[in-house]
>>> print(open('run-v5.cif').read())   # mmCIF, C-alpha atoms and all ligand atoms
data_input
#
loop_
_atom_site.group_PDB
_atom_site.id
_atom_site.type_symbol
_atom_site.label_atom_id
_atom_site.label_comp_id
_atom_site.auth_asym_id
_atom_site.auth_seq_id
_atom_site.Cartn_x
_atom_site.Cartn_y
_atom_site.Cartn_z
ATOM 1 C CA MET J 1070 15.237 -26.611 -24.711
ATOM 2 C CA LYS J 1071 13.188 -25.068 -27.403
ATOM 3 C CA THR J 1072 12.115 -21.507 -27.252
ATOM 4 C CA LYS J 1073 8.485 -20.903 -27.967
ATOM 5 C CA PRO J 1074 7.827 -19.170 -31.246
ATOM 6 C CA ASN J 1075 5.548 -16.534 -29.818
ATOM 7 C CA ASP J 1076 8.135 -14.812 -27.687
ATOM 8 C CA SER J 1077 9.861 -13.546 -30.824
ATOM 9 C CA PRO J 1078 10.340 -9.811 -31.093
ATOM 10 C CA SER J 1079 7.730 -9.074 -33.709
ATOM 11 C CA GLN J 1080 5.218 -11.928 -33.632
ATOM 12 C CA LEU J 1081 6.365 -13.484 -36.827
ATOM 13 C CA SER J 1082 6.316 -16.843 -38.390
ATOM 14 C CA LEU J 1083 8.798 -18.126 -40.871
ATOM 15 C CA LEU J 1084 8.557 -19.998 -44.091
ATOM 16 C CA GLU J 1085 11.915 -21.616 -44.633
ATOM 17 C CA SER J 1086 12.878 -22.205 -48.228
ATOM 18 C CA GLU J 1087 15.249 -20.707 -50.769
ATOM 19 C CA GLU J 1088 13.467 -17.487 -50.034
ATOM 20 C CA SER J 1089 12.584 -16.757 -46.473
ATOM 21 C CA GLY J 1090 9.261 -15.126 -45.832
ATOM 22 C CA VAL J 1091 8.172 -13.435 -42.666
ATOM 23 C CA THR J 1092 4.490 -12.927 -41.998
ATOM 24 C CA LEU J 1093 3.863 -9.839 -39.952
ATOM 25 C CA ALA J 1094 1.161 -8.951 -37.499
ATOM 26 C CA SER J 1095 -0.324 -6.777 -40.187
ATOM 27 C CA PRO J 1096 -3.211 -4.298 -39.977
ATOM 28 C CA ASN J 1097 -5.175 -6.885 -41.905
ATOM 29 C CA PRO J 1098 -6.487 -9.234 -39.195
ATOM 30 C CA LYS J 1099 -6.955 -12.064 -41.699
ATOM 31 C CA SER J 1100 -3.213 -12.576 -42.151
ATOM 32 C CA SER J 1101 -2.642 -13.954 -38.699
ATOM 33 C CA SER J 1102 0.996 -14.472 -37.894
ATOM 34 C CA LEU J 1103 0.319 -17.982 -36.725
ATOM 35 C CA GLU J 1104 -1.351 -19.029 -39.931
ATOM 36 C CA ASN J 1105 1.672 -20.927 -41.141
ATOM 37 C CA ALA J 1106 2.867 -23.453 -38.628
ATOM 38 C CA PRO J 1107 6.054 -21.807 -37.456
ATOM 39 C CA ASP J 1108 9.199 -23.837 -37.615
ATOM 40 C CA LEU J 1109 11.670 -21.754 -35.733
ATOM 41 C CA ASP J 1110 14.359 -24.337 -35.320
ATOM 42 C CA ASN J 1111 16.617 -22.880 -37.955
ATOM 43 C CA ALA J 1112 16.530 -19.354 -36.779
ATOM 44 C CA ARG J 1113 16.492 -20.058 -33.079
ATOM 45 C CA ALA J 1114 18.712 -23.051 -32.723
ATOM 46 C CA GLU J 1115 21.402 -20.921 -31.119
ATOM 47 C CA PRO J 1116 21.229 -17.780 -29.057
ATOM 48 C CA ARG J 1117 21.517 -14.711 -31.197
ATOM 49 C CA PRO J 1118 24.456 -12.691 -29.932
ATOM 50 C CA PHE J 1119 23.576 -9.588 -31.898
ATOM 51 C CA ALA J 1120 19.909 -9.394 -31.063
ATOM 52 C CA GLY J 1121 18.642 -6.074 -29.870
ATOM 53 C CA ARG J 1122 18.684 -2.553 -31.115
ATOM 54 C CA SER J 1123 21.868 -1.438 -29.400
ATOM 55 C CA GLN J 1124 24.060 -3.800 -31.398
ATOM 56 C CA ARG J 1125 22.303 -3.569 -34.693
ATOM 57 C CA THR J 1126 24.225 -5.066 -37.565
ATOM 58 C CA ILE J 1127 22.388 -3.060 -40.158
ATOM 59 C CA GLU J 1128 23.604 0.339 -41.259
ATOM 60 C CA LEU J 1129 21.787 2.828 -43.365
ATOM 61 C CA ARG J 1130 24.201 4.864 -45.432
ATOM 62 C CA ARG J 1131 24.074 7.268 -48.255
ATOM 63 C CA SER J 1132 25.610 4.634 -50.510
ATOM 64 C CA GLY J 1133 22.788 2.266 -49.574
ATOM 65 C CA PRO J 1134 21.920 0.019 -46.662
ATOM 66 C CA PHE J 1135 24.305 -2.721 -45.552
ATOM 67 C CA MET J 1136 24.063 -5.598 -43.183
ATOM 68 C CA GLU J 1137 27.007 -7.217 -41.506
ATOM 69 C CA LEU J 1138 26.986 -10.971 -41.986
ATOM 70 C CA ASP J 1139 29.899 -13.212 -41.139
ATOM 71 C CA GLY J 1140 32.145 -10.152 -40.788
ATOM 72 C CA GLN J 1141 31.290 -8.886 -44.276
ATOM 73 C CA LYS J 1142 29.253 -5.858 -45.259
ATOM 74 C CA ILE J 1143 26.509 -7.124 -47.520
ATOM 75 C CA PRO J 1144 24.414 -4.622 -49.491
ATOM 76 C CA ILE J 1145 20.662 -4.722 -49.002
ATOM 77 C CA GLU J 1146 18.284 -4.181 -51.897
ATOM 78 C CA LEU J 1147 14.821 -3.306 -50.732
ATOM 79 C CA SER J 1148 11.787 -3.272 -52.942
ATOM 80 C CA ARG J 1149 8.227 -2.573 -51.936
ATOM 81 C CA SER J 1150 5.279 -4.567 -53.110
ATOM 82 C CA ARG J 1151 1.667 -5.276 -52.350
ATOM 83 C CA ARG J 1152 2.471 -8.656 -50.867
ATOM 84 C CA ARG J 1153 1.522 -9.354 -47.256
ATOM 85 C CA THR J 1154 4.793 -10.840 -46.142
ATOM 86 C CA VAL J 1155 8.393 -9.702 -45.921
ATOM 87 C CA GLY J 1156 10.469 -11.951 -48.140
ATOM 88 C CA MET J 1157 14.226 -12.168 -48.298
ATOM 89 C CA THR J 1158 16.855 -14.069 -50.179
ATOM 90 C CA ILE J 1159 20.521 -13.880 -51.135
ATOM 91 C CA LEU J 1160 20.865 -12.937 -54.767
ATOM 92 C CA GLU J 1161 24.248 -12.441 -56.421
ATOM 93 C CA GLY J 1162 25.851 -11.818 -53.054
ATOM 94 C CA ARG J 1163 23.278 -9.237 -51.997
ATOM 95 C CA ILE J 1164 20.381 -9.373 -49.610
ATOM 96 C CA LYS J 1165 17.203 -8.883 -51.582
ATOM 97 C CA VAL J 1166 14.231 -7.879 -49.458
ATOM 98 C CA THR J 1167 10.666 -7.423 -50.618
ATOM 99 C CA ALA J 1168 8.310 -5.855 -48.124
ATOM 100 C CA PRO J 1169 4.752 -4.554 -48.065
ATOM 101 C CA ASN J 1170 4.428 -0.802 -48.352
ATOM 102 C CA TRP J 1171 3.157 -0.370 -44.816
ATOM 103 C CA VAL J 1172 6.086 -1.994 -43.032
ATOM 104 C CA PRO J 1173 8.484 0.657 -41.672
ATOM 105 C CA LEU J 1174 12.228 0.408 -42.218
ATOM 106 C CA THR J 1175 12.929 -0.126 -38.535
ATOM 107 C CA GLU J 1176 10.691 -3.194 -38.565
ATOM 108 C CA ILE J 1177 12.423 -4.530 -41.679
ATOM 109 C CA ALA J 1178 15.763 -4.027 -39.949
ATOM 110 C CA ASN J 1179 14.460 -5.971 -36.937
ATOM 111 C CA ILE J 1180 13.380 -8.815 -39.173
ATOM 112 C CA LEU J 1181 16.736 -8.926 -40.945
ATOM 113 C CA ASP J 1182 18.480 -8.971 -37.578
ATOM 114 C CA TYR J 1183 16.243 -11.795 -36.469
ATOM 115 C CA LYS J 1184 17.037 -13.740 -39.641
ATOM 116 C CA SER J 1185 20.769 -13.029 -39.639
ATOM 117 C CA ARG J 1186 21.768 -16.642 -39.052
ATOM 118 C CA TRP J 1187 19.582 -17.881 -41.882
ATOM 119 C CA LEU J 1188 20.935 -15.160 -44.170
ATOM 120 C CA THR J 1189 24.518 -15.970 -43.187
ATOM 121 C CA ASN J 1190 24.009 -19.612 -44.119
ATOM 122 C CA ARG J 1191 22.485 -18.692 -47.506
ATOM 123 C CA LEU J 1192 25.334 -16.240 -48.132
ATOM 124 C CA LYS J 1193 27.922 -18.908 -47.383
ATOM 125 C CA GLU J 1194 26.227 -21.378 -49.702
ATOM 126 C CA TRP J 1195 26.307 -18.780 -52.437
ATOM 127 C CA GLN J 1196 29.976 -18.021 -51.797
ATOM 128 C CA VAL J 1197 30.918 -21.688 -51.825
ATOM 129 C CA ARG J 1198 29.032 -22.131 -55.113
ATOM 130 C CA GLN J 1199 30.865 -19.146 -56.570
ATOM 131 C CA ALA J 1200 34.241 -20.444 -55.397
ATOM 132 C CA ASN J 1201 33.528 -23.827 -56.949
ATOM 133 C CA LYS J 1202 32.884 -22.207 -60.303
ATOM 134 C CA LEU J 1203 36.359 -20.683 -60.355
ATOM 135 C CA GLU J 1204 39.306 -22.169 -62.175
ATOM 136 C CA PRO J 1205 41.942 -23.449 -59.707
ATOM 137 C CA GLU J 1206 44.204 -20.537 -60.718
ATOM 138 C CA ASP J 1207 41.582 -18.085 -59.469
ATOM 139 C CA ARG J 1208 40.421 -20.153 -56.545
ATOM 140 C CA TRP J 1209 43.845 -20.101 -54.948
ATOM 141 C CA ALA J 1210 44.760 -16.527 -55.754
ATOM 142 C CA HIS J 1211 44.966 -13.274 -53.834
ATOM 143 C CA GLY J 1212 41.446 -12.128 -52.957
ATOM 144 C CA ALA J 1213 39.798 -15.541 -53.312
ATOM 145 C CA THR J 1214 37.610 -16.761 -50.442
ATOM 146 C CA VAL J 1215 38.122 -19.821 -48.255
ATOM 147 C CA GLN J 1216 36.156 -21.059 -45.266
ATOM 148 C CA PHE J 1217 37.922 -21.356 -41.923
ATOM 149 C CA LEU J 1218 36.094 -22.078 -38.643
ATOM 150 C CA GLY J 1219 32.880 -21.053 -40.306
ATOM 151 C CA GLN J 1220 34.218 -17.678 -41.378
ATOM 152 C CA SER J 1221 34.574 -16.643 -45.023
ATOM 153 C CA CYS J 1222 38.191 -15.517 -45.231
ATOM 154 C CA ALA J 1223 39.875 -13.653 -48.062
ATOM 155 C CA LEU J 1224 43.220 -15.077 -49.114
ATOM 156 C CA LYS J 1225 45.915 -12.417 -48.872
ATOM 157 C CA LEU J 1226 49.270 -13.274 -50.375
ATOM 158 C CA GLN J 1227 52.079 -11.633 -48.399
ATOM 159 C CA PRO J 1228 55.665 -11.765 -49.651
ATOM 160 C CA HIS J 1229 57.314 -11.141 -46.264
ATOM 161 C CA LEU J 1230 55.413 -13.701 -44.272
ATOM 162 C CA GLU J 1231 56.904 -17.020 -43.144
ATOM 163 C CA ASP J 1232 53.843 -18.928 -42.016
ATOM 164 C CA VAL J 1233 50.174 -18.850 -42.851
ATOM 165 C CA LEU J 1234 48.280 -16.652 -40.382
ATOM 166 C CA TRP J 1235 44.591 -16.308 -39.639
ATOM 167 C CA ASP J 1236 43.477 -12.716 -39.192
ATOM 168 C CA ALA J 1237 40.040 -13.325 -37.668
ATOM 169 C CA LYS J 1238 39.287 -9.648 -37.128
ATOM 170 C CA ASN J 1239 39.674 -8.830 -40.810
ATOM 171 C CA ALA J 1240 38.349 -12.195 -41.985
ATOM 172 C CA ALA J 1241 41.542 -12.959 -43.871
ATOM 173 C CA LEU J 1242 43.977 -15.811 -44.252
ATOM 174 C CA LEU J 1243 47.479 -14.440 -44.830
ATOM 175 C CA VAL J 1244 49.595 -16.713 -47.003
ATOM 176 C CA PRO J 1245 53.358 -16.374 -47.564
ATOM 177 C CA SER J 1246 53.988 -15.667 -51.212
ATOM 178 C CA ALA J 1247 57.776 -15.470 -51.336
ATOM 179 C CA GLY J 1248 59.060 -17.117 -54.488
ATOM 180 C CA ASP J 1249 55.845 -16.356 -56.357
ATOM 181 C CA PRO J 1250 54.012 -19.627 -55.674
ATOM 182 C CA ASN J 1251 51.666 -21.141 -58.250
ATOM 183 C CA HIS J 1252 48.095 -21.978 -57.331
ATOM 184 C CA GLU J 1253 48.953 -25.517 -56.286
ATOM 185 C CA GLN J 1254 51.564 -24.250 -53.861
ATOM 186 C CA VAL J 1255 49.151 -21.691 -52.453
ATOM 187 C CA ARG J 1256 46.532 -24.416 -52.020
ATOM 188 C CA ASP J 1257 49.057 -26.692 -50.322
ATOM 189 C CA ARG J 1258 50.088 -23.937 -47.912
ATOM 190 C CA VAL J 1259 46.465 -23.191 -47.034
ATOM 191 C CA HIS J 1260 45.625 -26.857 -46.619
ATOM 192 C CA GLY J 1261 48.803 -27.457 -44.585
ATOM 193 C CA PHE J 1262 47.782 -24.674 -42.224
ATOM 194 C CA MET J 1263 44.226 -25.983 -41.931
ATOM 195 C CA GLN J 1264 45.370 -29.541 -41.275
ATOM 196 C CA ALA J 1265 47.675 -28.391 -38.482
ATOM 197 C CA GLN J 1266 44.865 -26.343 -36.970
ATOM 198 C CA ALA J 1267 42.459 -29.261 -37.349
ATOM 199 C CA LYS J 1268 44.815 -31.536 -35.407
ATOM 200 C CA ASP J 1269 44.793 -29.159 -32.447
ATOM 201 C CA ILE J 1270 41.298 -27.758 -32.510
ATOM 202 C CA LEU J 1271 39.395 -30.978 -33.290
ATOM 203 C CA LYS J 1272 41.348 -32.748 -30.536
ATOM 204 C CA GLU J 1273 40.580 -29.897 -28.173
ATOM 205 C CA ARG J 1274 36.826 -30.105 -28.882
ATOM 206 C CA LEU J 1275 36.882 -33.897 -28.571
ATOM 207 C CA ASP J 1276 38.636 -33.680 -25.206
ATOM 208 C CA ALA J 1277 36.288 -30.964 -23.992
ATOM 209 C CA LEU J 1278 33.099 -32.850 -24.886
ATOM 210 C CA SER J 1279 34.538 -36.174 -23.763
ATOM 211 C CA GLU J 1280 35.424 -34.734 -20.370
ATOM 212 C CA LYS J 1281 32.179 -32.851 -19.947
ATOM 213 C CA SER J 1282 30.078 -35.905 -20.729
ATOM 214 C CA GLY J 1283 32.296 -38.517 -19.136
ATOM 215 C CA ARG J 1284 32.477 -40.500 -22.390
ATOM 216 C CA GLY J 1285 36.053 -41.615 -22.936
ATOM 217 C CA TYR J 1286 37.644 -42.587 -26.245
ATOM 218 C CA SER J 1287 40.806 -44.620 -26.751
ATOM 219 C CA ARG J 1288 42.477 -42.968 -29.723
ATOM 220 C CA PHE J 1289 42.089 -39.948 -31.970
ATOM 221 C CA SER J 1290 43.317 -39.317 -35.489
ATOM 222 C CA ILE J 1291 42.761 -36.943 -38.364
ATOM 223 C CA THR J 1292 41.570 -38.326 -41.693
ATOM 224 C CA HIS J 1293 41.970 -37.024 -45.215
ATOM 225 C CA ALA J 1294 39.392 -39.218 -46.892
ATOM 226 C CA ARG J 1295 36.732 -37.534 -48.954
ATOM 227 C CA THR J 1296 34.086 -39.964 -47.819
ATOM 228 C CA ARG J 1297 33.009 -39.092 -44.300
ATOM 229 C CA TRP J 1298 33.285 -36.400 -41.650
ATOM 230 C CA GLY J 1299 34.062 -38.761 -38.833
ATOM 231 C CA SER J 1300 34.031 -42.346 -37.653
ATOM 232 C CA CYS J 1301 34.255 -44.362 -34.477
ATOM 233 C CA THR J 1302 35.309 -47.978 -33.967
ATOM 234 C CA GLN J 1303 34.086 -50.472 -31.335
ATOM 235 C CA ASP J 1304 37.293 -50.004 -29.372
ATOM 236 C CA GLY J 1305 36.864 -46.242 -29.195
ATOM 237 C CA HIS J 1306 39.102 -44.971 -31.979
ATOM 238 C CA ILE J 1307 37.621 -41.684 -33.199
ATOM 239 C CA ARG J 1308 38.644 -40.263 -36.545
ATOM 240 C CA LEU J 1309 37.703 -36.778 -37.700
ATOM 241 C CA ASN J 1310 38.098 -35.277 -41.153
ATOM 242 C CA TRP J 1311 40.470 -32.307 -41.203
ATOM 243 C CA ARG J 1312 38.088 -30.434 -43.533
ATOM 244 C CA LEU J 1313 35.725 -30.001 -40.583
ATOM 245 C CA ILE J 1314 37.993 -27.096 -39.631
ATOM 246 C CA GLN J 1315 36.322 -25.119 -42.413
ATOM 247 C CA PHE J 1316 33.073 -25.160 -40.412
ATOM 248 C CA SER J 1317 31.916 -23.352 -37.292
ATOM 249 C CA LEU J 1318 32.563 -24.773 -33.838
ATOM 250 C CA ALA J 1319 28.859 -25.645 -33.632
ATOM 251 C CA VAL J 1320 29.280 -27.996 -36.616
ATOM 252 C CA ILE J 1321 32.550 -29.413 -35.292
ATOM 253 C CA ASP J 1322 30.968 -30.064 -31.885
ATOM 254 C CA TYR J 1323 28.046 -31.825 -33.531
ATOM 255 C CA VAL J 1324 30.331 -34.244 -35.395
ATOM 256 C CA VAL J 1325 32.400 -34.811 -32.255
ATOM 257 C CA ALA J 1326 29.264 -35.504 -30.187
ATOM 258 C CA HIS J 1327 27.968 -37.779 -32.951
ATOM 259 C CA GLU J 1328 31.105 -39.911 -32.883
ATOM 260 C CA LEU J 1329 31.261 -39.956 -29.077
ATOM 261 C CA ALA J 1330 27.654 -41.132 -29.006
ATOM 262 C CA HIS J 1331 28.662 -44.105 -31.179
ATOM 263 C CA LEU J 1332 30.670 -45.340 -28.205
ATOM 264 C CA LYS J 1333 27.308 -46.175 -26.663
ATOM 265 C CA ALA J 1334 25.321 -47.095 -29.780
ATOM 266 C CA MET J 1335 26.895 -48.085 -33.081
ATOM 267 C CA ASP J 1336 23.702 -47.394 -35.025
ATOM 268 C CA HIS J 1337 21.547 -44.320 -35.535
ATOM 269 C CA SER J 1338 18.718 -45.508 -33.322
ATOM 270 C CA ARG J 1339 16.598 -43.413 -31.015
ATOM 271 C CA SER J 1340 18.875 -44.154 -28.086
ATOM 272 C CA PHE J 1341 21.832 -43.032 -30.180
ATOM 273 C CA TRP J 1342 20.243 -39.606 -30.762
ATOM 274 C CA ASP J 1343 19.318 -39.400 -27.079
ATOM 275 C CA GLU J 1344 22.981 -39.922 -26.336
ATOM 276 C CA VAL J 1345 23.990 -37.192 -28.810
ATOM 277 C CA ALA J 1346 21.578 -34.817 -27.085
ATOM 278 C CA THR J 1347 22.978 -35.710 -23.688
ATOM 279 C CA ILE J 1348 26.509 -34.953 -24.835
ATOM 280 C CA LEU J 1349 25.547 -31.814 -26.760
ATOM 281 C CA PRO J 1350 22.027 -30.550 -25.980
ATOM 282 C CA ASN J 1351 22.167 -27.957 -28.779
ATOM 283 C CA TYR J 1352 23.446 -30.416 -31.407
ATOM 284 C CA LYS J 1353 20.793 -29.506 -33.974
ATOM 285 C CA ALA J 1354 22.415 -26.135 -34.617
ATOM 286 C CA GLY J 1355 25.576 -27.824 -35.842
ATOM 287 C CA GLN J 1356 23.734 -30.623 -37.603
ATOM 288 C CA GLN J 1357 21.913 -27.973 -39.604
ATOM 289 C CA GLY J 1358 25.225 -26.488 -40.739
ATOM 290 C CA LEU J 1359 26.249 -29.745 -42.427
ATOM 291 C CA LYS J 1360 22.954 -30.317 -44.179
ATOM 292 C CA GLY J 1361 23.356 -30.547 -47.911
ATOM 293 C CA VAL J 1362 27.126 -30.149 -47.747
ATOM 294 C CA THR J 1363 28.942 -32.580 -50.014
ATOM 295 C CA PHE J 1364 32.639 -33.296 -50.187
ATOM 296 C CA GLU J 1365 32.692 -31.837 -53.677
ATOM 297 C CA SER J 1366 31.609 -28.524 -52.240
ATOM 298 C CA VAL J 1367 34.451 -28.127 -49.766
ATOM 299 C CA SER J 1368 37.848 -27.024 -51.000
HETATM 300 ZN ZN ZN J 1401 26.948 -42.014 -37.219
#
>>> encode(input="run-v5.cif", output="C-alpha cells", more="lines below")
Ligand SMILES: [Zn+2]
Amino acid sequence: MKTKPNDSPSQLSLLESEESGVTLASPNPKSSSLENAPDLDNARAEPRPFAGRSQRTIELRRSGPFMELDGQKIPIELSRSRRRTVGMTILEGRIKVTAPNWVPLTEIANILDYKSRWLTNRLKEWQVRQANKLEPEDRWAHGATVQFLGQSCALKLQPHLEDVLWDAKNAALLVPSAGDPNHEQVRDRVHGFMQAQAKDILKERLDALSEKSGRGYSRFSITHARTRWGSCTQDGHIRLNWRLIQFSLAVIDYVVAHELAHLKAMDHSRSFWDEVATILPNYKAGQQGLKGVTFESVS
C-alpha cells in the first residue's frame, strides 16, 4: 500500500536526484508544495523507525550539528541562500544542506529526519566509491569500511581474537590479526565470515518467505559468481550470491522473493511482478537498494 504524499509531516514534495530538494509550504503562495509531481516512493517505501521528535537523530552541538545515519555521526554543513527550496546532498562524507533564510532550524531538522533513508543511501554510495578507490593494502586494513547486512562496518584488527565477530552496536567487524596477516589474509578472513553468514541468513530468509507464501523450492545453494545475485531453475533450485549478505535484509528479501516468484513465471512479465508483490508486498524498498549496484562495486 502506498502512503499518500500529502500526509507527510511538513507538506513537502521531493525532487529525487543527486541532490535532493524539498519544496516547503513557504510564505510565498506561488511556490505551492504540490507544484512538482511528488514521487515519494524512495523516501516512503519503508516505515521510518526514527520519525518523530522524541527520537530525533540530529544533534546540535558546539562542535557543529551532526546527524546519525547508519550508526555513524555525520556532520551537517548548513548554508543559507535565497533559494525557495531546501536542498541536500552528501559531499565528501558530509551532509550539505542549503536552505532559504526563513526556514527555522527545527524545520530543517524535520526535513533531514524525513529524508534520512535517502541520505543513508547516498552516504553508502559515497563510502563504497571511496573504498573502491583504495589500494587493496588500505582496503583490507584496520579502520577500513566494509558493508555487512546493510551496515557500514569498520574493520578492527584484534590480535587476541580467534574468529571474526560482528559488533553491530559499534558498527564494527572484528578480525583476528594474530600472526600479522597481510591484506589478502584479512580479506579472506572477512569473506570467509561473510560466506558462512550468507549460508545461514540467506537460507533463513528463503525459508521464511517460502513458508509465508506457500511457495516451495527444491534446493538451495550459495554462489560465488560475479554475474548475478540469484537464479532459479525450472525444478526449483534457487541459488543466491553470498555477496548479498553485504546488503540490508530488505534487499536480501527482494532477491529471495524475486527468485521464488520465478517458480511461477520464468520471465519478467506482469504476472511475474504480481507474484513478487504477493510474496513480498514491500519489495520495491529492497529493489531500490540494488539499483545501480554493479559487481565491481561490491568488495
Ligand atoms: Zn529474474
>>> residues_near_ligand(input="run-v5.cif", ligand="ligand ZN 1401 (chain J)", cutoff="9 Å", atoms="only C-alpha atoms and all ligand atoms", output="list in words")
Gly1299, Ser1300, Cys1301, Val1324, His1327, Glu1328, Ala1330, His1331, Met1335, Asp1336, His1337 and Phe1341 of chain J
>>> write_last_selection(input="run-v5.cif", atoms="C-alpha atoms", output="short mmCIF file (atom, residue, chain, number, x, y, z; two decimals), keeping the file's coordinate frame")
data_model
loop_
_atom_site.label_atom_id
_atom_site.label_comp_id
_atom_site.auth_asym_id
_atom_site.auth_seq_id
_atom_site.Cartn_x
_atom_site.Cartn_y
_atom_site.Cartn_z
CA GLY J 1299 34.06 -38.76 -38.83
CA SER J 1300 34.03 -42.35 -37.65
CA CYS J 1301 34.26 -44.36 -34.48
CA VAL J 1324 30.33 -34.24 -35.40
CA HIS J 1327 27.97 -37.78 -32.95
CA GLU J 1328 31.10 -39.91 -32.88
CA ALA J 1330 27.65 -41.13 -29.01
CA HIS J 1331 28.66 -44.10 -31.18
CA MET J 1335 26.90 -48.08 -33.08
CA ASP J 1336 23.70 -47.39 -35.02
CA HIS J 1337 21.55 -44.32 -35.53
CA PHE J 1341 21.83 -43.03 -30.18
#
>>> axis_aligned_box(input="run-v5.cif", around="stretch 1240-1258 of chain J", padding_each_side="5 Å", output="AutoDock Vina command-line options")
--center_x 48.7 --center_y -19.4 --center_z -50.1 --size_x 30.7 --size_y 24.5 --size_z 26.3
>>> residues_near_point(input="run-v5.cif", point="(38.2, -14.0, -37.7)", cutoff="10 Å", atoms="only C-alpha atoms", output="list of chain:residue names")
J:Asp1139, J:Gly1140, J:Phe1217, J:Leu1218, J:Gly1219, J:Gln1220, J:Ser1221, J:Cys1222, J:Trp1235, J:Asp1236, J:Ala1237, J:Lys1238, J:Asn1239, J:Ala1240, J:Ala1241, J:Leu1242
>>> residues_around(input="run-v5.cif", residues="J:Leu1271", least_positions_apart="4", cutoff="9 Å", atoms="all atoms listed in the file", output="short mmCIF file (atom, residue, chain, number, x, y, z; two decimals) with C-alpha atoms, in the coordinates of the input")
data_model
loop_
_atom_site.label_atom_id
_atom_site.label_comp_id
_atom_site.auth_asym_id
_atom_site.auth_seq_id
_atom_site.Cartn_x
_atom_site.Cartn_y
_atom_site.Cartn_z
CA GLN J 1266 44.86 -26.34 -36.97
CA ALA J 1267 42.46 -29.26 -37.35
CA LEU J 1275 36.88 -33.90 -28.57
CA ASP J 1276 38.64 -33.68 -25.21
CA ILE J 1291 42.76 -36.94 -38.36
CA LEU J 1309 37.70 -36.78 -37.70
CA TRP J 1311 40.47 -32.31 -41.20
CA LEU J 1313 35.72 -30.00 -40.58
CA ILE J 1314 37.99 -27.10 -39.63
CA ILE J 1321 32.55 -29.41 -35.29
CA ASP J 1322 30.97 -30.06 -31.88
CA VAL J 1325 32.40 -34.81 -32.26
#
>>> closest_residue(input="run-v5.cif", among="J:Ile1307, J:Ala1247, J:Ala1200, J:Val1345", to="J:Tyr1323", atoms="only C-alpha atoms")
J:Val1345
>>> closest_residue(input="run-v5.cif", among="J:Ala1319, J:Arg1284, J:Leu1332, J:Arg1312", to="J:Asn1351", atoms="all atoms listed in the file")
J:Ala1319
>>> closest_residue(input="run-v5.cif", among="J:Asn1190, J:His1229, J:Glu1204, J:Thr1175", to="J:Gln1357", atoms="only C-alpha atoms")
J:Asn1190
>>> resolve_selection(input="run-v5.cif", expression="the PyMOL selection byres (((chain J and resi 1245) around 7) and not hetatm)", output="ChimeraX atom specification")
/J:1226-1233,1243-1244,1246-1247
>>> residues_around(input="run-v5.cif", residues="J:Arg1151", least_positions_apart="4", cutoff="12 Å", atoms="all atoms listed in the file", output="PyMOL selection string")
chain J and resi 1155-1156+1167-1172
>>> closest_residue(input="run-v5.cif", among="J:Arg1208, J:His1252, J:Arg1163, J:Arg1153", to="J:Trp1195", atoms="only C-alpha atoms")
J:Arg1163
>>> atom_distance(input="run-v5.cif", atom1="atom CA of J:Phe1135", atom2="atom CA of J:Arg1186")
15.6 Å
>>> closest_residue(input="run-v5.cif", among="J:Lys1225, J:Ala1334, J:Gln1315, J:Trp1187", to="J:Gln1303", atoms="only C-alpha atoms")
J:Ala1334
>>> residues_around(input="run-v5.cif", residues="J:Lys1360", least_positions_apart="3", cutoff="12 Å", atoms="all atoms listed in the file", output="list in words")
Asn1111, Asn1190, Glu1194, Phe1316, Val1320, Tyr1323, Lys1353, Ala1354, Gly1355, Gln1356, Gln1357, Thr1363, Phe1364 and Ser1366 of chain J
>>> write_last_selection(input="run-v5.cif", atoms="C-alpha atoms", output="short mmCIF file (atom, residue, chain, number, x, y, z; two decimals), in the frame of the given file")
data_model
loop_
_atom_site.label_atom_id
_atom_site.label_comp_id
_atom_site.auth_asym_id
_atom_site.auth_seq_id
_atom_site.Cartn_x
_atom_site.Cartn_y
_atom_site.Cartn_z
CA ASN J 1111 16.62 -22.88 -37.96
CA ASN J 1190 24.01 -19.61 -44.12
CA GLU J 1194 26.23 -21.38 -49.70
CA PHE J 1316 33.07 -25.16 -40.41
CA VAL J 1320 29.28 -28.00 -36.62
CA TYR J 1323 28.05 -31.82 -33.53
CA LYS J 1353 20.79 -29.51 -33.97
CA ALA J 1354 22.42 -26.14 -34.62
CA GLY J 1355 25.58 -27.82 -35.84
CA GLN J 1356 23.73 -30.62 -37.60
CA GLN J 1357 21.91 -27.97 -39.60
CA THR J 1363 28.94 -32.58 -50.01
CA PHE J 1364 32.64 -33.30 -50.19
CA SER J 1366 31.61 -28.52 -52.24
#
>>> closest_residue(input="run-v5.cif", among="J:Asp1304, J:Asp1182, J:Glu1273, J:Glu1161", to="J:Leu1318", atoms="only C-alpha atoms")
J:Glu1273
>>> residues_around(input="run-v5.cif", residues="J:Leu1188", least_positions_apart="4", cutoff="9 Å", atoms="all atoms listed in the file", output="list in words")
Ser1089, Leu1138, Met1157, Thr1158, Ile1159, Ile1164, Leu1181, Lys1184, Leu1192 and Lys1193 of chain J
>>> residues_around(input="run-v5.cif", residues="J:Gly1283", least_positions_apart="5", cutoff="10 Å", atoms="only C-alpha atoms", output="MDAnalysis selection string")
chainID J and resid 1277:1278 1348
>>> write_last_selection(input="run-v5.cif", atoms="C-alpha atoms", output="PDB file, in the coordinates of the input")
ATOM      1  CA  ALA J1277      36.288 -30.964 -23.992  1.00  0.00           C
ATOM      2  CA  LEU J1278      33.099 -32.850 -24.886  1.00  0.00           C
ATOM      3  CA  ILE J1348      26.509 -34.953 -24.835  1.00  0.00           C
TER       4      ILE J1348
END
>>> atom_distance(input="run-v5.cif", atom1="atom CA of J:Gly1248", atom2="atom CA of J:Asp1207")
18.2 Å
>>> atom_distance(input="run-v5.cif", atom1="atom CA of J:Asp1343", atom2="atom CA of J:Ser1282")
13.0 Å
